[in-house]
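Below is input_7.cif, holding mmCIF, C-alpha atoms.
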data_structure
loop_
_atom_site.label_atom_id
_atom_site.label_comp_id
_atom_site.auth_asym_id
_atom_site.auth_seq_id
_atom_site.Cartn_x
_atom_site.Cartn_y
_atom_site.Cartn_z
CA MET A 6 81.89 30.93 106.65
CA TYR A 7 81.59 27.12 106.58
CA PHE A 8 83.17 25.13 109.41
CA ASP A 9 83.55 21.49 110.27
CA GLY A 10 85.46 19.37 112.79
CA THR A 11 86.23 15.68 112.77
CA ALA A 12 87.72 13.29 115.32
CA HIS A 13 88.79 9.65 115.04
CA HIS A 14 91.46 7.41 116.52
CA HIS A 15 94.10 8.68 114.07
CA GLY A 16 93.75 12.36 114.99
CA VAL A 17 91.54 15.44 115.24
CA GLY A 18 91.16 18.14 112.59
CA ALA A 19 89.22 21.29 111.79
CA GLY A 20 88.38 22.86 108.43
CA ILE A 21 87.18 26.37 107.61
CA VAL A 22 86.05 27.85 104.28
CA PHE A 23 85.41 31.58 103.74
CA VAL A 24 83.38 32.65 100.71
CA THR A 25 83.53 36.37 99.94
CA LEU A 26 80.83 38.43 98.27
CA ASP A 27 82.79 38.54 95.02
CA GLY A 28 83.15 34.76 94.91
CA GLY A 29 86.63 34.45 96.43
CA ILE A 30 87.39 31.38 98.54
CA LEU A 31 89.80 31.15 101.51
CA LEU A 32 90.65 27.73 102.90
CA TYR A 33 92.05 26.97 106.37
CA SER A 34 92.89 23.59 107.86
CA PHE A 35 94.01 22.88 111.44
CA THR A 36 95.32 19.81 113.24
CA LEU A 37 94.26 19.87 116.89
CA ASN A 38 96.96 19.15 119.46
CA GLN A 39 94.78 17.03 121.72
CA HIS A 40 92.34 14.15 121.23
CA CYS A 41 88.74 15.14 121.87
CA SER A 42 85.19 14.32 120.86
CA ASN A 43 83.70 15.23 117.53
CA ASN A 44 81.50 17.94 119.11
CA VAL A 45 84.53 19.61 120.74
CA ALA A 46 86.26 19.58 117.35
CA GLU A 47 83.22 21.33 115.86
CA TYR A 48 83.41 24.06 118.53
CA GLN A 49 87.17 24.40 117.94
CA ALA A 50 86.60 24.89 114.21
CA LEU A 51 83.92 27.52 114.83
CA ILE A 52 86.16 29.43 117.26
CA PHE A 53 89.10 29.35 114.84
CA GLY A 54 86.97 30.70 112.03
CA ARG A 55 85.48 33.49 114.14
CA GLU A 56 88.93 34.61 115.32
CA ILE A 57 90.27 34.58 111.75
CA ALA A 58 87.31 36.70 110.66
CA VAL A 59 88.05 39.20 113.44
CA ASP A 60 91.69 39.41 112.34
CA MET A 61 90.49 40.08 108.80
CA GLU A 62 88.14 42.77 110.18
CA GLN A 63 85.10 40.87 108.85
CA LEU A 64 82.61 41.52 111.63
CA GLU A 65 79.51 40.86 109.48
CA LEU A 66 79.49 37.09 109.06
CA GLN A 67 77.09 34.33 108.11
CA ILE A 68 78.14 30.97 109.60
CA TYR A 69 77.09 27.58 108.29
CA GLY A 70 77.80 24.21 109.92
CA ASP A 71 76.60 20.65 109.51
CA SER A 72 76.65 19.83 113.25
CA GLN A 73 73.02 20.00 114.29
CA LEU A 74 73.94 19.78 117.97
CA VAL A 75 76.43 22.68 117.98
CA VAL A 76 74.27 24.97 115.83
CA ASN A 77 71.11 24.39 117.88
CA GLN A 78 73.00 24.84 121.17
CA LEU A 79 74.25 28.23 119.99
CA LEU A 80 70.75 29.17 118.81
CA GLY A 81 69.37 28.24 122.25
CA ARG A 82 67.19 25.41 121.01
CA TYR A 83 69.21 22.66 122.68
CA GLU A 84 70.46 22.61 126.26
CA VAL A 85 74.16 22.02 126.84
CA LYS A 86 74.32 19.01 129.15
CA LYS A 87 77.84 17.63 128.70
CA SER A 88 80.35 19.31 130.99
CA GLU A 89 83.12 19.23 128.37
CA LEU A 90 81.06 21.38 126.01
CA ILE A 91 79.96 24.03 128.54
CA PRO A 92 83.17 26.19 128.47
CA TYR A 93 83.32 26.06 124.67
CA HIS A 94 79.64 27.00 124.37
CA LYS A 95 80.05 29.94 126.76
CA TYR A 96 83.16 31.23 125.06
CA THR A 97 81.68 30.89 121.56
CA THR A 98 78.47 32.65 122.63
CA ARG A 99 80.46 35.46 124.24
CA LEU A 100 82.65 35.77 121.12
CA MET A 101 79.65 36.03 118.81
CA LYS A 102 77.82 38.56 121.00
CA ARG A 103 80.85 40.76 121.52
CA PHE A 104 81.37 41.57 117.84
CA GLY A 105 77.76 41.29 116.67
CA GLY A 106 76.59 41.02 113.08
CA VAL A 107 76.86 37.22 113.21
CA SER A 108 74.23 34.67 112.24
CA ILE A 109 74.52 30.89 112.31
CA LYS A 110 72.56 28.31 110.36
CA HIS A 111 72.56 24.55 110.02
CA VAL A 112 73.21 23.08 106.56
CA PRO A 113 73.30 19.45 105.35
CA ARG A 114 76.68 17.75 105.11
CA ARG A 115 76.50 17.72 101.30
CA GLU A 116 76.59 21.55 101.35
CA ASN A 117 79.61 21.57 103.64
CA LYS A 118 81.91 19.27 101.66
CA GLN A 119 84.89 21.61 101.42
CA ALA A 120 85.18 22.26 105.16
CA ASP A 121 84.64 18.58 105.85
CA ALA A 122 87.43 17.62 103.44
CA LEU A 123 89.83 20.07 105.08
CA ALA A 124 89.04 18.70 108.52
CA VAL A 125 89.59 15.11 107.34
CA LEU A 126 92.87 16.14 105.72
CA ALA A 127 94.14 17.76 108.93
CA SER A 128 93.20 14.77 111.06
CA SER A 129 94.89 12.34 108.64
CA LEU A 130 98.25 14.10 109.02
CA ALA A 131 98.60 12.51 112.46
CA MET A 132 98.79 9.04 110.88
CA PRO A 133 102.44 7.84 111.06
CA ASP A 134 102.31 5.70 107.91
CA HIS A 135 100.89 8.33 105.60
CA GLU A 136 103.00 11.18 104.18
CA ILE A 137 101.16 14.25 102.94
CA GLN A 138 102.83 17.50 101.83
CA SER A 139 100.39 20.22 102.85
CA HIS A 140 100.45 23.49 104.83
CA VAL A 141 98.18 22.66 107.77
CA TYR A 142 98.32 24.60 111.03
CA GLN A 143 98.43 22.97 114.44
CA LYS A 144 96.34 24.70 117.07
CA TRP A 145 94.22 24.26 120.20
CA VAL A 146 91.88 26.65 121.98
CA VAL A 147 91.53 26.46 125.75
CA PRO A 148 88.44 28.47 126.79
CA SER A 149 88.38 30.23 130.12
CA LEU A 150 86.85 28.14 132.93
CA ILE A 151 85.70 31.24 134.85
CA ASP A 152 81.93 31.43 134.74
CA ASP A 153 81.64 35.17 134.22
CA GLU A 154 80.35 36.47 130.94
CA ASP A 155 80.73 40.13 131.92
CA ILE A 156 84.50 40.11 132.24
CA GLU A 157 86.06 42.25 129.53
CA GLY A 158 88.86 40.73 127.57
CA SER A 159 88.33 37.17 128.83
CA ASP A 160 89.42 35.71 125.51
CA ALA A 161 90.44 32.12 125.00
CA HIS A 162 94.06 31.28 125.54
CA VAL A 163 95.50 30.01 122.28
CA VAL A 164 98.34 27.53 122.64
CA SER A 165 100.89 27.61 119.76
CA THR A 166 100.20 28.08 116.08
CA TYR A 167 102.83 26.73 113.74
CA GLU A 168 103.33 24.73 110.56
CA ILE A 169 103.48 21.02 111.20
CA ASP A 170 105.27 20.21 107.96
CA LYS A 171 108.82 19.65 109.18
CA GLU A 172 110.24 20.24 105.70
CA ASP A 173 108.66 23.69 105.50
CA TRP A 174 111.32 26.38 105.09
CA ARG A 175 109.45 28.67 107.53
CA GLN A 176 109.73 26.41 110.56
CA PRO A 177 113.44 27.16 111.30
CA LEU A 178 112.65 30.88 111.10
CA VAL A 179 109.74 30.50 113.52
CA ASP A 180 111.97 28.57 115.94
CA TYR A 181 114.61 31.28 115.69
CA PHE A 182 112.14 34.10 116.43
CA LYS A 183 110.38 32.30 119.29
CA TYR A 184 113.17 30.36 120.97
CA GLN A 185 116.43 31.69 119.43
CA LYS A 186 116.99 28.14 118.22
CA LEU A 187 119.44 27.53 115.37
CA PRO A 188 120.51 24.37 113.52
CA ASP A 189 123.81 22.69 114.30
CA GLU A 190 125.15 23.15 110.79
CA GLN A 191 127.09 26.42 110.53
CA ARG A 192 125.98 27.12 106.98
CA ARG A 193 122.29 26.84 107.86
CA ARG A 194 122.78 28.97 110.99
CA THR A 195 124.22 31.78 108.88
CA ASP A 196 121.47 31.43 106.28
CA ILE A 197 118.68 31.65 108.88
CA ARG A 198 120.21 34.75 110.52
CA ARG A 199 120.45 36.42 107.11
CA ARG A 200 116.88 35.59 106.09
CA ALA A 201 115.37 36.47 109.47
CA SER A 202 115.86 40.19 108.80
CA ARG A 203 113.23 40.02 106.03
CA PHE A 204 110.40 38.75 108.23
CA ILE A 205 108.55 39.48 111.44
CA LEU A 206 106.65 37.02 113.62
CA TYR A 207 103.12 38.21 114.33
CA LYS A 208 100.72 35.91 116.21
CA ASN A 209 103.01 32.97 115.49
CA THR A 210 102.83 33.66 111.76
CA LEU A 211 105.65 34.83 109.51
CA LEU A 212 104.69 38.03 107.70
CA MET A 213 106.34 39.72 104.75
CA ASP A 214 104.18 40.10 101.64
CA LYS A 215 100.94 40.24 103.66
CA LEU A 216 102.39 42.96 105.87
CA CYS A 217 103.36 45.00 102.83
CA GLU A 218 99.84 44.70 101.44
CA LYS A 219 98.25 45.68 104.75
CA PHE A 220 100.24 48.92 105.09
CA ASN A 221 100.32 49.63 101.32
CA PHE A 222 104.06 49.14 101.06
CA LYS A 223 105.39 48.73 97.52
CA GLN A 224 107.99 45.99 97.46
CA ARG A 225 110.24 45.98 94.40
CA LYS A 226 112.79 43.27 93.73
CA SER A 227 116.03 43.88 91.89
CA SER A 228 119.15 41.96 91.02
CA MET A 229 121.91 41.62 93.60
CA TYR A 230 124.22 43.92 91.65
CA ASN A 231 123.34 46.85 89.45
CA ALA A 232 126.57 48.32 88.20
CA PRO A 233 125.42 51.87 87.27
CA ALA A 234 123.36 52.46 90.43
CA ASN A 235 125.80 50.84 92.84
CA GLY A 236 128.67 52.79 91.30
CA LEU A 237 126.99 56.08 92.19
CA ALA A 238 126.20 54.90 95.72
CA GLU A 239 129.78 53.73 96.28
CA ALA A 240 131.16 57.03 94.98
CA PHE A 241 128.99 58.99 97.42
CA ASN A 242 129.89 56.65 100.29
CA LYS A 243 133.56 57.33 99.58
CA THR A 244 132.94 61.08 99.76
CA LEU A 245 130.90 60.69 102.94
CA CYS A 246 133.61 58.59 104.61
CA ASN A 247 136.27 61.17 103.75
CA LEU A 248 134.15 63.88 105.38
CA LEU A 249 133.51 61.76 108.48
CA LYS A 250 137.24 61.16 108.96
CA LYS A 251 137.70 64.88 109.52
CA VAL A 252 135.14 65.22 112.32
CA VAL A 253 135.00 61.92 114.20
CA ALA A 254 136.96 61.35 117.39
CA ARG A 255 140.09 59.24 117.58
CA SER A 256 138.11 56.17 118.64
CA LYS A 257 135.73 56.61 115.65
CA LYS A 258 132.82 55.44 117.79
CA ASP A 259 130.82 58.65 117.41
CA TRP A 260 130.42 58.52 113.64
CA HIS A 261 126.65 58.00 113.91
CA GLU A 262 126.38 61.21 115.93
CA ARG A 263 128.36 63.17 113.36
CA ILE A 264 126.68 61.89 110.24
CA GLY A 265 123.90 64.51 110.39
CA GLU A 266 126.24 67.48 110.32
CA THR A 267 128.42 65.72 107.76
CA LEU A 268 125.48 65.34 105.38
CA TRP A 269 124.56 68.97 105.97
CA THR A 270 128.10 69.95 105.03
CA TYR A 271 127.92 67.94 101.83
CA HIS A 272 124.52 69.37 100.88
CA THR A 273 125.62 72.98 101.33
CA THR A 274 129.09 72.72 99.75
CA TYR A 275 129.71 74.13 96.27
CA ARG A 276 130.42 71.29 93.82
CA ILE A 277 132.84 71.99 90.98
CA PRO A 278 131.33 69.50 88.48
CA THR A 279 127.81 71.01 88.72
CA GLN A 280 128.90 74.51 89.80
CA ALA A 281 126.13 74.50 92.39
CA THR A 282 125.29 73.04 95.78
CA PRO A 283 123.11 69.91 96.08
CA TYR A 284 120.76 71.84 98.37
CA ALA A 285 120.16 74.52 95.72
CA LEU A 286 119.46 71.91 93.04
CA VAL A 287 116.74 70.38 95.22
CA TYR A 288 115.04 73.45 96.70
CA GLY A 289 115.98 76.15 94.20
CA VAL A 290 117.61 78.39 96.80
CA GLU A 291 120.76 78.26 98.89
CA ALA A 292 120.48 77.13 102.50
CA VAL A 293 120.60 79.73 105.27
CA LEU A 294 123.74 79.01 107.27
CA PRO A 295 123.78 79.52 111.05
CA PHE A 296 126.32 82.34 111.00
CA GLU A 297 124.04 84.31 108.65
CA GLN A 298 121.65 84.74 111.58
CA GLN A 299 124.40 86.20 113.76
CA ILE A 300 125.94 88.35 111.04
CA PRO A 301 123.09 89.13 108.62
CA SER A 302 124.08 88.72 104.98
CA LEU A 303 122.76 90.78 102.09
CA ARG A 304 120.08 88.29 101.09
CA ILE A 305 118.85 88.01 104.69
CA ALA A 306 118.63 91.78 104.95
CA ILE A 307 116.70 91.96 101.67
CA GLN A 308 114.23 89.23 102.66
CA GLU A 309 113.53 90.80 106.03
CA GLY A 310 112.30 93.93 104.25
CA LEU A 311 109.81 92.02 102.10
CA THR A 312 106.16 91.59 102.86
CA GLU A 313 104.57 88.15 102.99
CA GLU A 314 103.08 88.56 99.53
CA GLU A 315 106.40 89.70 98.04
CA ASN A 316 108.19 86.81 99.72
CA VAL A 317 105.72 84.30 98.22
CA ARG A 318 106.14 85.86 94.75
CA LEU A 319 109.93 85.67 95.08
CA ARG A 320 109.72 82.02 96.11
CA LEU A 321 107.53 81.17 93.11
CA GLU A 322 110.03 82.83 90.77
CA GLU A 323 112.83 80.74 92.29
CA LEU A 324 110.85 77.55 91.77
CA GLU A 325 110.02 78.45 88.16
CA VAL A 326 113.70 78.69 87.22
CA LEU A 327 114.63 75.52 89.17
CA ASP A 328 114.34 73.25 86.13
CA GLU A 329 116.60 75.58 84.17
CA LYS A 330 119.19 75.47 86.96
CA ARG A 331 119.13 71.68 86.98
CA LEU A 332 119.61 71.51 83.20
CA GLU A 333 122.51 73.93 83.46
CA ALA A 334 124.04 71.80 86.24
CA GLN A 335 123.67 68.71 84.02
CA GLN A 336 125.45 70.45 81.17
CA ASN A 337 128.23 71.59 83.50
CA LEU A 338 128.63 68.01 84.73
CA GLU A 339 128.87 66.64 81.18
CA CYS A 340 131.47 69.27 80.24
CA TYR A 341 133.46 68.46 83.38
CA GLN A 342 133.42 64.75 82.58
CA ALA A 343 134.48 65.44 79.00
CA ARG A 344 137.46 67.48 80.21
CA LEU A 345 138.49 64.67 82.57
CA SER A 346 138.16 62.15 79.76
CA ARG A 347 140.34 64.20 77.41
CA THR A 348 142.98 64.64 80.10
CA PHE A 349 143.04 60.94 80.86
CA ASN A 350 143.07 59.87 77.21
CA LYS A 351 146.18 61.95 76.52
CA LYS A 352 148.19 59.35 78.43
CA VAL A 353 146.52 56.39 76.71
CA ARG A 354 148.23 54.85 73.70
CA ARG A 355 145.59 53.38 71.48
CA ARG A 356 146.31 50.06 69.85
CA SER A 357 144.54 49.01 66.69
CA PHE A 358 144.62 45.66 64.99
CA GLN A 359 143.29 44.35 61.73
CA VAL A 360 141.56 41.08 60.89
CA GLY A 361 144.24 38.46 60.33
CA ASP A 362 146.90 40.09 62.58
CA MET A 363 148.82 37.77 64.87
CA ILE A 364 148.80 39.01 68.44
CA LEU A 365 149.64 37.98 71.99
CA ALA A 366 147.12 38.27 74.83
CA VAL A 367 147.59 38.56 78.57
CA ARG A 368 147.07 35.21 80.29
CA ASN A 369 144.78 36.74 82.91
CA SER A 370 143.01 39.53 81.08
CA ILE A 371 140.86 40.46 84.08
CA VAL A 372 143.64 41.36 86.53
CA MET A 373 146.96 42.28 84.93
CA THR A 374 148.77 42.99 88.17
CA HIS A 375 148.50 39.44 89.54
CA ARG A 376 151.76 37.57 89.40
CA THR A 377 151.95 34.08 88.00
CA LYS A 378 153.02 31.23 90.25
CA ASP A 379 156.22 30.76 88.27
CA ASN A 380 158.37 33.87 87.87
CA PHE A 381 159.82 32.54 84.60
CA VAL A 382 156.41 32.06 82.91
CA SER A 383 155.54 34.86 80.53
CA LYS A 384 152.35 36.78 81.19
CA TRP A 385 151.62 36.79 77.46
CA ASP A 386 149.90 33.86 75.79
CA GLY A 387 149.53 33.07 72.12
CA PRO A 388 149.92 33.68 69.32
CA TYR A 389 146.31 34.28 68.32
CA VAL A 390 144.74 35.53 65.13
CA VAL A 391 142.23 38.41 65.07
CA ARG A 392 138.95 37.04 63.68
CA GLU A 393 136.42 39.85 64.39
CA ILE A 394 136.59 43.51 65.42
CA TYR A 395 134.00 45.01 67.78
CA THR A 396 133.38 48.56 68.91
CA ASN A 397 135.25 50.21 71.81
CA GLY A 398 138.46 48.32 71.08
CA ALA A 399 137.26 44.73 71.60
CA TYR A 400 138.43 41.81 69.45
CA LYS A 401 137.42 38.19 68.91
CA LEU A 402 140.44 35.89 68.62
CA VAL A 403 141.11 32.30 67.54
CA ASP A 404 144.07 30.12 68.39
CA LYS A 405 145.97 27.80 66.07
CA ASP A 406 143.39 25.04 66.63
CA GLY A 407 140.50 27.29 65.65
CA VAL A 408 139.16 27.72 69.21
CA LYS A 409 137.54 31.13 69.68
CA VAL A 410 138.76 33.35 72.51
CA GLY A 411 137.35 36.62 73.75
CA PRO A 412 136.13 39.22 73.18
CA ILE A 413 139.30 40.82 74.65
CA ASN A 414 140.02 44.52 75.01
CA GLU A 415 142.90 45.96 73.05
CA LYS A 416 144.79 47.02 76.17
CA PHE A 417 145.36 43.36 76.99
CA MET A 418 146.84 42.64 73.53
CA LYS A 419 150.00 43.37 71.56
CA LEU A 420 151.36 42.47 68.13
CA TYR A 421 153.19 39.18 67.82
CA MET A 422 156.70 39.56 66.39
CA PRO A 423 157.99 36.11 65.36
#

As structure tokens:
Amino acid sequence: MYFDGTAHHHGVGAGIVFVTLDGGILLYSFTLNQHCSNNVAEYQALIFGREIAVDMEQLELQIYGDSQLVVNQLLGRYEVKKSELIPYHKYTTRLMKRFGGVSIKHVPRRENKQADALAVLASSLAMPDHEIQSHVYQKWVVPSLIDDEDIEGSDAHVVSTYEIDKEDWRQPLVDYFKYQKLPDEQRRRTDIRRRASRFILYKNTLLMDKLCEKFNFKQRKSSMYNAPANGLAEAFNKTLCNLLKKVVARSKKDWHERIGETLWTYHTTYRIPTQATPYALVYGVEAVLPFEQQIPSLRIAIQEGLTEEENVRLRLEELEVLDEKRLEAQQNLECYQARLSRTFNKKVRRRSFQVGDMILAVRNSIVMTHRTKDNFVSKWDGPYVVREIYTNGAYKLVDKDGVKVGPINEKFMKLYMP
């Protein structure tokens, strides 16, 4: 770890550079909240870096700094005489001893250019006439003034860590988490509430992707609407709501208490399309219902007479034929859907058109039931001429000016009779 701090009349900054064993580089830059001396800024940078290393669980650390005073004070070669440096020296020493595995070494400034550049960048952000777009944290460490190195847990008190770039999209979210503060504009208030559910605030830092990586969560992104998948979910939700209506109280406030037994009912109910229960398709055997314990059924009586070895063999046989049961259920579902399709198509009058036919098309081909504003305006528009024929009854049309229209489904079209 390389650290450096800088202080001038424009501001105070700290820079930290981590170099991993595989050559990776992590850069951190901090703007300090208060004006201080250059030596205090060096101590602040060293403390920030050590705390970041602890958060990253990097207890074995080699530290390099270009401040000869700070490095030699920590090595015990120089005596700490200035009163403003004493609390920082004590806290830094205690922090390094507590976690162990830390060595510190002085390096020339030319070998510490990256950390020095980060510190200069952070300090320059305080200049009012200079605009820089950069993600630099604002922070300040206040070491404990109690002169007791044996006190456990006497860590420094860190005052606020946040992004100082006012245009950063994360700042409104941080304000909302910490202070419940929302913008005056209603649209932005709604947007922040919606986006806040995707993040958590941990040590004054917004976490989402990093949290997923830490706990090995796999985050997959999808489009807002997936018609096939959402159709299945909506169909099941409709079935679930119909079941809940039969068991909830009049006030409907206890639906969350009833949802468990409702799902159990759905899982153990015989489904006509698959000719099986969902529970059996998952586990390969029907669920044991509560009344079967009170009034033993035939299968319960048979299983009670089996030994443990025979029971295991029976269970393995049930699992071996599970794939066959699922394929049979799939075939039953396809046959059921085919029967429904044939029944529905009996009432459908197919319309077929040829290239060159003159037809009329519904003005609003998406929703036929909507009424027009004027009751005397026909819902049919045209005439059009069929230009191309697609599969599944779709047609490409052109009007009298040659403008292409469509594709339009045949159910929204009819022959034009001049």

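Closest approach to Ala58 of chain A among A:Met6, A:Ala281, A:Ser108, A:Lys102 is made by A:Met6 (distances from only C-alpha atoms).
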
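You can rank A:Ala238, A:Val22, A:Val382, A:Val390 by their closest distance to Tyr421 of chain A using all atoms listed in the file, and at the top of that list sits A:Val390.
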
A:Lys257, A:His14, A:Lys186, A:Arg320 ranked by distance to Gln308 of chain A, top pick (using only C-alpha atoms):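 Under the stated criterion, the closest residue is A:Arg320.
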
Atomic separation - atom CA of Glu65 of chain A relative to atom CA of Tyr48 of chain A, Å: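 Answer for the atom CA of Tyr48 of chain A to atom CA of Glu65 of chain A separation: 19.5 Å.
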
Using only C-alpha atoms: which of A:Val17, A:Leu319, A:Ile277, A:Leu311 has the shortest distance to Gln335 of chain A: A:Ile277

Would you pick out the contacts of Ala285 of chain A at 12 Å or less, using all atoms listed in the file, so that residues sharing its chain but fewer than 5 positions from it are not included, and give the list as a compact mmCIF listing (two decimals) with C-alpha atoms, in the coordinates of the input?
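Output saved as result.txt:
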# COMPACT_ATOMS: atom_id res chain seq x y z
CA TYR A 271 127.92 67.94 101.83
CA HIS A 272 124.52 69.37 100.88
CA THR A 273 125.62 72.98 101.33
CA THR A 274 129.09 72.72 99.75
CA TYR A 275 129.71 74.13 96.27
CA ARG A 276 130.42 71.29 93.82
CA THR A 279 127.81 71.01 88.72
CA GLN A 280 128.90 74.51 89.80
CA VAL A 290 117.61 78.39 96.80
CA GLU A 291 120.76 78.26 98.89
CA ALA A 292 120.48 77.13 102.50
CA VAL A 293 120.60 79.73 105.27
CA GLU A 323 112.83 80.74 92.29
CA LEU A 324 110.85 77.55 91.77
CA VAL A 326 113.70 78.69 87.22
CA LEU A 327 114.63 75.52 89.17
CA ASP A 328 114.34 73.25 86.13
CA LYS A 330 119.19 75.47 86.96
CA ARG A 331 119.13 71.68 86.98
CA ALA A 334 124.04 71.80 86.24

Residues within 10 Å of (85.5, 19.0, 103.8), file coords, all atoms listed in the file, listed as number ranges by chain: A: 7-11, 19-22, 34, 114-126

Explicit residues for the PyMOL selection byres ((chain A and resi 67) around 7) (as a list in words):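 Applying the PyMOL selection byres ((chain A and resi 67) around 7) to the structure shown produces Met6, Leu66, Ile68, Tyr69, Val107, Ser108 and Ile109 of chain A.
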
Could those selected residues go to a file with C-alpha atoms, as a short mmCIF file (atom, residue, chain, number, x, y, z; two decimals), in the frame of the given file?
data_model
loop_
_atom_site.label_atom_id
_atom_site.label_comp_id
_atom_site.auth_asym_id
_atom_site.auth_seq_id
_atom_site.Cartn_x
_atom_site.Cartn_y
_atom_site.Cartn_z
CA MET A 6 81.89 30.93 106.65
CA LEU A 66 79.49 37.09 109.06
CA ILE A 68 78.14 30.97 109.60
CA TYR A 69 77.09 27.58 108.29
CA VAL A 107 76.86 37.22 113.21
CA SER A 108 74.23 34.67 112.24
CA ILE A 109 74.52 30.89 112.31
#

Computed interatomic separation between atom CA of Arg344 of chain A and atom CA of Leu268 of chain A (Å):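 Atom CA of Arg344 of chain A sits 28.0 Å away from atom CA of Leu268 of chain A.
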
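Counting all atoms listed in the file, Phe358 of chain A has the following residues at most 10 Å away, ignoring those fewer than 5 positions along the same chain: Met363, Ile364, Val391, Ile394, Gly398, Ala399, Tyr400, Glu415, Met418, Lys419 and Leu420 of chain A.
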
Hits of the PyMOL selection byres ((chain A and resi 248) around 12) in this structure, as a PyMOL selection string: chain A and resi 241-247+249-253+260+263-272+274
